[in-house]
>>> print(open('final.cif').read())   # mmCIF, C-alpha atoms
data_entry
#
loop_
_atom_site.label_atom_id
_atom_site.label_comp_id
_atom_site.auth_asym_id
_atom_site.auth_seq_id
_atom_site.Cartn_x
_atom_site.Cartn_y
_atom_site.Cartn_z
CA MET A 81 7.34 -18.74 -46.23
CA ASP A 82 5.37 -15.78 -44.86
CA THR A 83 5.40 -13.04 -47.48
CA GLN A 84 2.90 -10.73 -45.74
CA PRO A 85 4.58 -7.36 -44.98
CA SER A 86 5.23 -6.69 -41.31
CA HIS A 87 3.13 -3.50 -41.36
CA ALA A 88 0.17 -5.48 -42.77
CA ARG A 89 0.47 -8.11 -40.02
CA TYR A 90 0.69 -5.28 -37.48
CA SER A 91 -2.46 -3.68 -38.90
CA SER A 92 -4.35 -6.97 -38.75
CA VAL A 93 -3.33 -7.76 -35.17
CA TRP A 94 -4.22 -4.36 -33.68
CA PRO A 95 -8.01 -4.73 -34.05
CA GLY A 96 -7.79 -7.96 -32.08
CA LEU A 97 -5.87 -6.22 -29.30
CA ARG A 98 -8.52 -3.52 -29.21
CA LEU A 99 -11.30 -6.08 -28.95
CA VAL A 100 -9.57 -7.99 -26.15
CA THR A 101 -9.10 -4.73 -24.25
CA ALA A 102 -12.79 -3.88 -24.69
CA VAL A 103 -13.76 -7.28 -23.29
CA LEU A 104 -11.40 -6.84 -20.32
CA ILE A 105 -12.77 -3.38 -19.53
CA SER A 106 -16.35 -4.63 -19.86
CA ALA A 107 -15.63 -7.54 -17.52
CA ALA A 108 -14.14 -5.15 -14.96
CA ILE A 109 -17.20 -2.90 -15.11
CA VAL A 110 -19.58 -5.84 -14.72
CA ALA A 111 -17.55 -7.25 -11.82
CA GLN A 112 -17.57 -3.95 -9.93
CA LEU A 113 -21.27 -3.35 -10.68
CA SER A 114 -22.09 -6.80 -9.35
CA ARG A 115 -20.15 -6.11 -6.16
CA THR A 116 -21.90 -2.75 -5.79
CA ILE A 117 -25.32 -4.39 -6.12
CA GLU A 118 -24.33 -7.10 -3.62
CA THR A 119 -23.27 -4.42 -1.15
CA ALA A 120 -26.58 -2.62 -1.63
CA ALA A 121 -28.54 -5.83 -1.10
CA ALA A 122 -26.73 -6.41 2.21
CA SER A 123 -27.23 -2.83 3.44
CA GLN A 124 -29.30 -2.32 6.58
CA THR A 125 -30.38 1.22 5.68
CA PRO A 126 -33.15 2.24 3.24
CA HIS A 127 -30.78 4.57 1.42
CA GLY A 128 -28.04 1.99 1.13
CA SER A 129 -30.39 -0.64 -0.26
CA HIS A 130 -32.15 1.68 -2.71
CA LEU A 131 -31.00 -0.02 -5.90
CA PRO A 132 -31.94 2.71 -8.46
CA THR A 133 -29.88 5.27 -6.51
CA VAL A 134 -26.96 2.88 -6.06
CA VAL A 135 -26.87 1.96 -9.75
CA GLY A 136 -27.35 5.59 -10.76
CA ASN A 137 -24.41 6.57 -8.57
CA PHE A 138 -22.28 3.80 -10.06
CA PHE A 139 -22.78 5.08 -13.59
CA SER A 140 -22.24 8.67 -12.46
CA TYR A 141 -18.52 8.11 -11.85
CA PHE A 142 -16.30 9.68 -14.50
CA THR A 143 -14.20 6.50 -14.33
CA ILE A 144 -17.13 4.27 -15.27
CA GLN A 145 -18.40 6.55 -18.00
CA SER A 146 -14.89 6.87 -19.46
CA ASN A 147 -14.37 3.12 -19.46
CA VAL A 148 -17.77 2.44 -21.02
CA ALA A 149 -16.98 4.96 -23.77
CA ALA A 150 -13.52 3.45 -24.26
CA ALA A 151 -14.92 -0.08 -24.59
CA VAL A 152 -17.44 1.09 -27.19
CA ALA A 153 -14.80 3.04 -29.12
CA LEU A 154 -12.43 0.07 -29.14
CA VAL A 155 -15.12 -2.31 -30.40
CA VAL A 156 -16.16 0.13 -33.13
CA GLY A 157 -12.52 0.67 -34.06
CA SER A 158 -11.93 -3.07 -34.26
CA LEU A 159 -14.95 -3.72 -36.45
CA TRP A 160 -14.04 -0.86 -38.76
CA ALA A 161 -10.46 -2.09 -39.18
CA TRP A 162 -11.52 -5.69 -39.87
CA ARG A 163 -14.09 -4.52 -42.41
CA ARG A 164 -11.99 -1.87 -44.15
CA GLY A 165 -8.49 -3.31 -43.82
CA ASN A 166 -5.79 -0.65 -44.17
CA THR A 167 -8.26 2.12 -45.05
CA PRO A 168 -7.63 5.20 -42.87
CA GLU A 169 -10.15 5.71 -40.08
CA PRO A 170 -13.09 8.03 -40.77
CA ARG A 171 -12.83 11.38 -39.05
CA TRP A 172 -15.63 10.62 -36.57
CA LEU A 173 -13.87 7.48 -35.36
CA THR A 174 -10.59 9.31 -34.87
CA VAL A 175 -12.43 11.99 -32.86
CA LEU A 176 -14.16 9.30 -30.78
CA LEU A 177 -10.84 7.61 -30.03
CA ALA A 178 -9.21 10.98 -29.25
CA CYS A 179 -11.99 11.74 -26.75
CA THR A 180 -11.90 8.35 -25.05
CA SER A 181 -8.10 8.30 -24.95
CA THR A 182 -8.12 11.70 -23.23
CA TYR A 183 -10.74 10.68 -20.68
CA MET A 184 -9.00 7.41 -19.86
CA ILE A 185 -5.57 9.00 -19.49
CA VAL A 186 -7.07 11.67 -17.22
CA THR A 187 -8.83 8.95 -15.22
CA GLY A 188 -5.51 7.21 -14.65
CA LEU A 189 -3.74 10.43 -13.69
CA VAL A 190 -6.44 11.68 -11.29
CA TYR A 191 -6.86 8.31 -9.60
CA ASN A 192 -3.18 7.66 -9.09
CA LEU A 193 -2.37 11.24 -8.02
CA LEU A 194 -5.45 12.10 -5.91
CA LEU A 195 -7.44 8.98 -5.09
CA ARG A 196 -5.00 6.09 -4.78
CA GLY A 197 -4.73 6.55 -1.00
CA VAL A 198 -8.45 7.05 -0.31
CA VAL A 199 -9.61 4.25 2.00
CA LEU A 200 -12.94 2.66 1.04
CA PRO A 201 -15.03 0.29 3.17
CA HIS A 202 -13.65 -3.23 3.05
CA GLY A 203 -15.26 -5.42 0.40
CA THR A 204 -16.90 -2.62 -1.60
CA THR A 205 -14.39 -2.77 -4.47
CA VAL A 206 -13.08 -5.58 -6.64
CA PRO A 207 -9.27 -5.14 -6.56
CA TRP A 208 -8.48 -6.47 -10.03
CA SER A 209 -11.38 -4.54 -11.54
CA ASN A 210 -10.20 -1.36 -9.84
CA GLU A 211 -6.74 -1.74 -11.38
CA VAL A 212 -8.12 -2.47 -14.85
CA LEU A 213 -10.39 0.59 -14.79
CA HIS A 214 -7.79 2.99 -13.35
CA VAL A 215 -4.44 1.66 -14.56
CA VAL A 216 -4.54 -1.05 -17.22
CA GLY A 217 -7.27 0.56 -19.33
CA PRO A 218 -5.65 4.01 -19.35
CA LEU A 219 -2.26 2.54 -20.24
CA ILE A 220 -3.69 0.53 -23.12
CA MET A 221 -5.56 3.56 -24.43
CA LEU A 222 -2.28 5.48 -24.30
CA ALA A 223 -0.62 2.67 -26.27
CA ASP A 224 -3.49 2.75 -28.78
CA LEU A 225 -2.98 6.48 -29.18
CA LEU A 226 0.76 6.09 -29.77
CA TRP A 227 0.86 3.05 -32.04
CA SER A 228 -2.51 2.21 -33.60
CA PRO A 229 -2.35 2.19 -37.42
CA GLY A 230 -4.65 4.11 -39.74
CA ARG A 231 -5.58 7.01 -37.47
CA ARG A 232 -6.22 10.32 -39.18
CA VAL A 233 -4.62 13.60 -38.19
CA LEU A 234 -7.01 15.95 -36.38
CA PRO A 235 -7.03 19.76 -36.46
CA TRP A 236 -6.27 21.58 -33.21
CA ARG A 237 -9.89 22.65 -32.92
CA ALA A 238 -10.73 19.03 -32.09
CA ILE A 239 -9.58 19.84 -28.55
CA GLY A 240 -12.83 21.77 -28.14
CA VAL A 241 -14.84 18.65 -29.00
CA VAL A 242 -12.90 16.63 -26.43
CA LEU A 243 -13.76 19.14 -23.70
CA VAL A 244 -17.53 18.99 -24.20
CA PHE A 245 -18.14 15.82 -22.18
CA PRO A 246 -16.04 16.77 -19.10
CA ILE A 247 -17.86 20.12 -18.90
CA LEU A 248 -21.26 18.43 -19.09
CA TRP A 249 -20.17 15.82 -16.53
CA VAL A 250 -19.15 18.48 -13.98
CA LEU A 251 -22.42 20.35 -14.45
CA TYR A 252 -24.40 17.12 -14.11
CA THR A 253 -22.47 16.03 -11.02
CA LEU A 254 -22.83 19.30 -9.15
CA ALA A 255 -26.53 19.62 -10.08
CA ARG A 256 -27.31 16.04 -9.02
CA ALA A 257 -25.25 16.02 -5.83
CA ASN A 258 -27.82 17.63 -3.53
CA LEU A 259 -30.70 15.68 -5.02
CA VAL A 260 -29.32 12.32 -3.88
CA THR A 261 -29.00 10.89 -0.37
CA SER A 262 -25.69 9.12 0.17
CA PRO A 263 -26.33 5.35 0.37
CA MET A 264 -23.41 4.86 2.78
CA SER A 265 -23.58 7.83 5.14
CA SER A 266 -27.24 8.86 4.69
CA ALA A 267 -26.03 12.45 4.22
CA PRO A 268 -28.48 14.49 2.11
CA TRP A 269 -25.93 14.77 -0.70
CA TRP A 270 -23.68 12.50 -2.72
CA TYR A 271 -20.52 13.31 -4.67
CA PRO A 272 -18.63 10.66 -6.67
CA TYR A 273 -15.22 11.97 -5.59
CA PRO A 274 -14.11 13.62 -2.33
CA PHE A 275 -12.38 16.52 -4.10
CA LEU A 276 -15.80 17.60 -5.43
CA ASP A 277 -17.50 17.52 -2.03
CA PRO A 278 -17.58 21.03 -0.48
CA HIS A 279 -18.40 19.45 2.88
CA VAL A 280 -14.97 17.82 3.11
CA VAL A 281 -12.77 20.01 0.89
CA PRO A 282 -11.10 22.88 2.79
CA SER A 283 -12.72 26.24 1.90
CA GLY A 284 -15.85 24.49 0.62
CA TYR A 285 -16.94 25.44 -2.87
CA THR A 286 -13.89 27.64 -3.30
CA GLY A 287 -11.67 24.63 -2.73
CA VAL A 288 -13.82 22.52 -5.07
CA ALA A 289 -13.51 25.23 -7.73
CA GLY A 290 -9.74 25.03 -7.33
CA TYR A 291 -9.76 21.27 -7.89
CA ILE A 292 -12.06 21.62 -10.90
CA THR A 293 -9.81 24.28 -12.39
CA GLY A 294 -6.73 22.16 -11.86
CA ILE A 295 -8.32 19.09 -13.42
CA ALA A 296 -9.63 21.22 -16.32
CA VAL A 297 -6.06 22.29 -17.02
CA VAL A 298 -4.98 18.65 -16.97
CA ILE A 299 -7.77 17.66 -19.37
CA CYS A 300 -6.83 20.48 -21.75
CA ALA A 301 -3.17 19.46 -21.61
CA VAL A 302 -3.94 15.79 -22.22
CA ALA A 303 -6.33 16.65 -25.06
CA ALA A 304 -3.62 18.79 -26.65
CA PHE A 305 -1.14 15.93 -26.23
CA VAL A 306 -3.56 13.48 -27.88
CA VAL A 307 -4.05 15.75 -30.90
CA TRP A 308 -0.31 16.49 -31.07
CA VAL A 309 0.58 12.79 -31.10
CA GLY A 310 -1.63 12.28 -34.15
CA ARG A 311 -0.10 15.26 -35.94
CA ARG A 312 3.55 14.53 -35.25
CA GLU A 313 3.83 11.37 -37.34
CA SER A 314 4.14 12.07 -41.07
CA PRO A 315 2.64 8.71 -42.21
CA ARG A 316 -0.72 9.59 -40.73
CA VAL A 317 -3.44 10.92 -43.00
CA ASP A 318 -4.30 14.51 -43.84
CA ARG A 319 -1.24 16.13 -42.22
CA VAL A 320 -0.94 18.97 -44.73
CA ARG A 321 -4.64 19.77 -44.80
CA HIS A 322 -4.89 20.32 -41.05
CA ARG A 323 -1.82 22.36 -40.20
#
>>> encode(input="final.cif", output="structure tokens")
Amino acid sequence: MDTQPSHARYSSVWPGLRLVTAVLISAAIVAQLSRTIETAAASQTPHGSHLPTVVGNFFSYFTIQSNVAAAVALVVGSLWAWRRGNTPEPRWLTVLLACTSTYMIVTGLVYNLLLRGVVLPHGTTVPWSNEVLHVVGPLIMLADLLWSPGRRVLPWRAIGVVLVFPILWVLYTLARANLVTSPMSSAPWWYPYPFLDPHVVPSGYTGVAGYITGIAVVICAVAAFVVWVGRRESPRVDRVRHR
């Protein structure tokens, strides 16, 4: 007869689910990177076949960076849980998971609200990988946020930590854009997403600023939601200390 408490079984299964998710996300990234390199190898233009630029562009997408971070966080979280059992997560791990959960949820929202209908050249994307990176991964990270055991409560000021990476990513993207020739169009600029490209967005940089502001509001709202979820459940650690 199984005498192990249900909450203990739940705590022991969750690290495995995290690890499986990390493997799935990693496989999706590798599959799409392989397709991207294949497309570059078949390109008839010097810009399209310039592998360092193509690979650099690939890892410049917020989606890819978010998924890489999520895979790392899930692996670290799994190893910690298996090593420490029911010990509450250290603060740094909870912050890492809060950050990656926010970025993945935002990735899912932005893709499905703004980019789902964007038509890309046939054969440049791996359909199943695209869904894992933009839908499955974000949903699983949301589930991890809501139900993973052992997560500590964070103070509201943790929202500021979550916002650091998106700010740096926008600065990096806008600074790099005019230093890169587009592999596909040979235009003397390259933006990872059309809503950041002042050459296609109505009103140019003003329109881009509007999109950035709107997405910044979404990121702040999601970050606040992530912190709130951790604070709302009384069983989680350090509730009184961080009111």
>>> resolve_selection(input="final.cif", expression="the PyMOL selection byres ((chain A and resi 290-305) around 7)", output="ChimeraX atom specification")
/A:182,186,239,242,275,286-289,306-309
>>> residues_near_point(input="final.cif", point="(-7.8, 7.9, -17.4)", cutoff="9 Å", atoms="all atoms listed in the file", output="MDAnalysis selection string")
chainID A and resid 143 146:147 180:191 213:215 217:219 221
>>> atom_distance(input="final.cif", atom1="CA of Met264 (chain A)", atom2="CA of Ala150 (chain A)")
28.8 Å
>>> residues_around(input="final.cif", residues="Tyr271 (chain A)", least_positions_apart="3", cutoff="8 Å", atoms="only C-alpha atoms", output="ChimeraX atom specification")
/A:253-254,257,274,276-277
>>> atom_distance(input="final.cif", atom1="CA of Ser106 (chain A)", atom2="CA of Val148 (chain A)")
7.3 Å
>>> atom_distance(input="final.cif", atom1="CA of Gly128 (chain A)", atom2="CA of Ala267 (chain A)")
11.1 Å
>>> build_atoms(input="final.cif", residues="region 202-213 of chain A", atoms="all heavy atoms", output="PDB file, keeping the file's coordinate frame")
ATOM      1  N   HIS A 202     -14.147  -1.919   3.466  1.00  0.00           N
ATOM      2  CA  HIS A 202     -13.650  -3.230   3.050  1.00  0.00           C
ATOM      3  C   HIS A 202     -14.725  -4.010   2.296  1.00  0.00           C
ATOM      4  O   HIS A 202     -15.877  -4.087   2.721  1.00  0.00           O
ATOM      5  CB  HIS A 202     -13.195  -4.038   4.260  1.00  0.00           C
ATOM      6  CG  HIS A 202     -12.684  -5.400   3.904  1.00  0.00           C
ATOM      7  ND1 HIS A 202     -11.484  -5.599   3.248  1.00  0.00           N
ATOM      8  CD2 HIS A 202     -13.232  -6.635   4.089  1.00  0.00           C
ATOM      9  CE1 HIS A 202     -11.301  -6.894   3.063  1.00  0.00           C
ATOM     10  NE2 HIS A 202     -12.339  -7.545   3.564  1.00  0.00           N
ATOM     11  N   GLY A 203     -14.344  -4.573   1.163  1.00  0.00           N
ATOM     12  CA  GLY A 203     -15.260  -5.420   0.400  1.00  0.00           C
ATOM     13  C   GLY A 203     -16.129  -4.685  -0.591  1.00  0.00           C
ATOM     14  O   GLY A 203     -16.908  -5.328  -1.318  1.00  0.00           O
ATOM     15  N   THR A 204     -16.035  -3.360  -0.671  1.00  0.00           N
ATOM     16  CA  THR A 204     -16.900  -2.620  -1.600  1.00  0.00           C
ATOM     17  C   THR A 204     -16.299  -2.528  -3.005  1.00  0.00           C
ATOM     18  O   THR A 204     -17.000  -2.165  -3.946  1.00  0.00           O
ATOM     19  CB  THR A 204     -17.177  -1.197  -1.082  1.00  0.00           C
ATOM     20  OG1 THR A 204     -15.930  -0.505  -0.903  1.00  0.00           O
ATOM     21  CG2 THR A 204     -17.930  -1.247   0.234  1.00  0.00           C
ATOM     22  N   THR A 205     -15.028  -2.814  -3.155  1.00  0.00           N
ATOM     23  CA  THR A 205     -14.390  -2.770  -4.470  1.00  0.00           C
ATOM     24  C   THR A 205     -13.809  -4.128  -4.836  1.00  0.00           C
ATOM     25  O   THR A 205     -13.454  -4.929  -3.959  1.00  0.00           O
ATOM     26  CB  THR A 205     -13.257  -1.726  -4.522  1.00  0.00           C
ATOM     27  OG1 THR A 205     -12.263  -2.064  -3.549  1.00  0.00           O
ATOM     28  CG2 THR A 205     -13.798  -0.345  -4.218  1.00  0.00           C
ATOM     29  N   VAL A 206     -13.724  -4.379  -6.111  1.00  0.00           N
ATOM     30  CA  VAL A 206     -13.080  -5.580  -6.640  1.00  0.00           C
ATOM     31  C   VAL A 206     -11.661  -5.175  -7.030  1.00  0.00           C
ATOM     32  O   VAL A 206     -11.496  -4.399  -7.986  1.00  0.00           O
ATOM     33  CB  VAL A 206     -13.841  -6.140  -7.852  1.00  0.00           C
ATOM     34  CG1 VAL A 206     -13.152  -7.394  -8.386  1.00  0.00           C
ATOM     35  CG2 VAL A 206     -15.296  -6.425  -7.486  1.00  0.00           C
ATOM     36  N   PRO A 207     -10.633  -5.649  -6.329  1.00  0.00           N
ATOM     37  CA  PRO A 207      -9.270  -5.140  -6.560  1.00  0.00           C
ATOM     38  C   PRO A 207      -8.804  -5.212  -8.009  1.00  0.00           C
ATOM     39  O   PRO A 207      -8.285  -4.228  -8.546  1.00  0.00           O
ATOM     40  CB  PRO A 207      -8.411  -6.022  -5.638  1.00  0.00           C
ATOM     41  CG  PRO A 207      -9.345  -6.388  -4.527  1.00  0.00           C
ATOM     42  CD  PRO A 207     -10.688  -6.581  -5.190  1.00  0.00           C
ATOM     43  N   TRP A 208      -8.974  -6.358  -8.660  1.00  0.00           N
ATOM     44  CA  TRP A 208      -8.480  -6.470 -10.030  1.00  0.00           C
ATOM     45  C   TRP A 208      -9.254  -5.554 -10.972  1.00  0.00           C
ATOM     46  O   TRP A 208      -8.685  -4.954 -11.892  1.00  0.00           O
ATOM     47  CB  TRP A 208      -8.534  -7.915 -10.532  1.00  0.00           C
ATOM     48  CG  TRP A 208      -9.911  -8.450 -10.813  1.00  0.00           C
ATOM     49  CD1 TRP A 208     -10.709  -9.178  -9.970  1.00  0.00           C
ATOM     50  CD2 TRP A 208     -10.664  -8.295 -12.039  1.00  0.00           C
ATOM     51  NE1 TRP A 208     -11.909  -9.483 -10.573  1.00  0.00           N
ATOM     52  CE2 TRP A 208     -11.905  -8.964 -11.848  1.00  0.00           C
ATOM     53  CE3 TRP A 208     -10.420  -7.669 -13.252  1.00  0.00           C
ATOM     54  CZ2 TRP A 208     -12.891  -9.022 -12.835  1.00  0.00           C
ATOM     55  CZ3 TRP A 208     -11.406  -7.716 -14.245  1.00  0.00           C
ATOM     56  CH2 TRP A 208     -12.615  -8.387 -14.019  1.00  0.00           C
ATOM     57  N   SER A 209     -10.569  -5.434 -10.731  1.00  0.00           N
ATOM     58  CA  SER A 209     -11.380  -4.540 -11.540  1.00  0.00           C
ATOM     59  C   SER A 209     -10.930  -3.091 -11.362  1.00  0.00           C
ATOM     60  O   SER A 209     -10.837  -2.330 -12.335  1.00  0.00           O
ATOM     61  CB  SER A 209     -12.860  -4.671 -11.146  1.00  0.00           C
ATOM     62  OG  SER A 209     -13.638  -3.669 -11.760  1.00  0.00           O
ATOM     63  N   ASN A 210     -10.647  -2.717 -10.132  1.00  0.00           N
ATOM     64  CA  ASN A 210     -10.200  -1.360  -9.840  1.00  0.00           C
ATOM     65  C   ASN A 210      -8.921  -1.030 -10.610  1.00  0.00           C
ATOM     66  O   ASN A 210      -8.774   0.068 -11.162  1.00  0.00           O
ATOM     67  CB  ASN A 210      -9.955  -1.227  -8.336  1.00  0.00           C
ATOM     68  CG  ASN A 210      -9.877   0.217  -7.885  1.00  0.00           C
ATOM     69  OD1 ASN A 210     -10.766   1.017  -8.155  1.00  0.00           O
ATOM     70  ND2 ASN A 210      -8.801   0.552  -7.197  1.00  0.00           N
ATOM     71  N   GLU A 211      -7.999  -1.980 -10.667  1.00  0.00           N
ATOM     72  CA  GLU A 211      -6.740  -1.740 -11.380  1.00  0.00           C
ATOM     73  C   GLU A 211      -6.953  -1.681 -12.893  1.00  0.00           C
ATOM     74  O   GLU A 211      -6.318  -0.884 -13.587  1.00  0.00           O
ATOM     75  CB  GLU A 211      -5.731  -2.845 -11.027  1.00  0.00           C
ATOM     76  CG  GLU A 211      -5.278  -2.824  -9.580  1.00  0.00           C
ATOM     77  CD  GLU A 211      -4.675  -1.481  -9.184  1.00  0.00           C
ATOM     78  OE1 GLU A 211      -3.777  -0.993  -9.891  1.00  0.00           O
ATOM     79  OE2 GLU A 211      -5.128  -0.908  -8.168  1.00  0.00           O
ATOM     80  N   VAL A 212      -7.843  -2.509 -13.410  1.00  0.00           N
ATOM     81  CA  VAL A 212      -8.120  -2.470 -14.850  1.00  0.00           C
ATOM     82  C   VAL A 212      -8.713  -1.122 -15.239  1.00  0.00           C
ATOM     83  O   VAL A 212      -8.301  -0.495 -16.224  1.00  0.00           O
ATOM     84  CB  VAL A 212      -9.091  -3.608 -15.250  1.00  0.00           C
ATOM     85  CG1 VAL A 212      -9.622  -3.387 -16.668  1.00  0.00           C
ATOM     86  CG2 VAL A 212      -8.383  -4.953 -15.172  1.00  0.00           C
ATOM     87  N   LEU A 213      -9.678  -0.647 -14.448  1.00  0.00           N
ATOM     88  CA  LEU A 213     -10.390   0.590 -14.790  1.00  0.00           C
ATOM     89  C   LEU A 213      -9.522   1.834 -14.616  1.00  0.00           C
ATOM     90  O   LEU A 213      -9.708   2.826 -15.338  1.00  0.00           O
ATOM     91  CB  LEU A 213     -11.646   0.724 -13.932  1.00  0.00           C
ATOM     92  CG  LEU A 213     -12.692  -0.382 -14.092  1.00  0.00           C
ATOM     93  CD1 LEU A 213     -13.858  -0.153 -13.135  1.00  0.00           C
ATOM     94  CD2 LEU A 213     -13.201  -0.469 -15.518  1.00  0.00           C
TER      95      LEU A 213
END
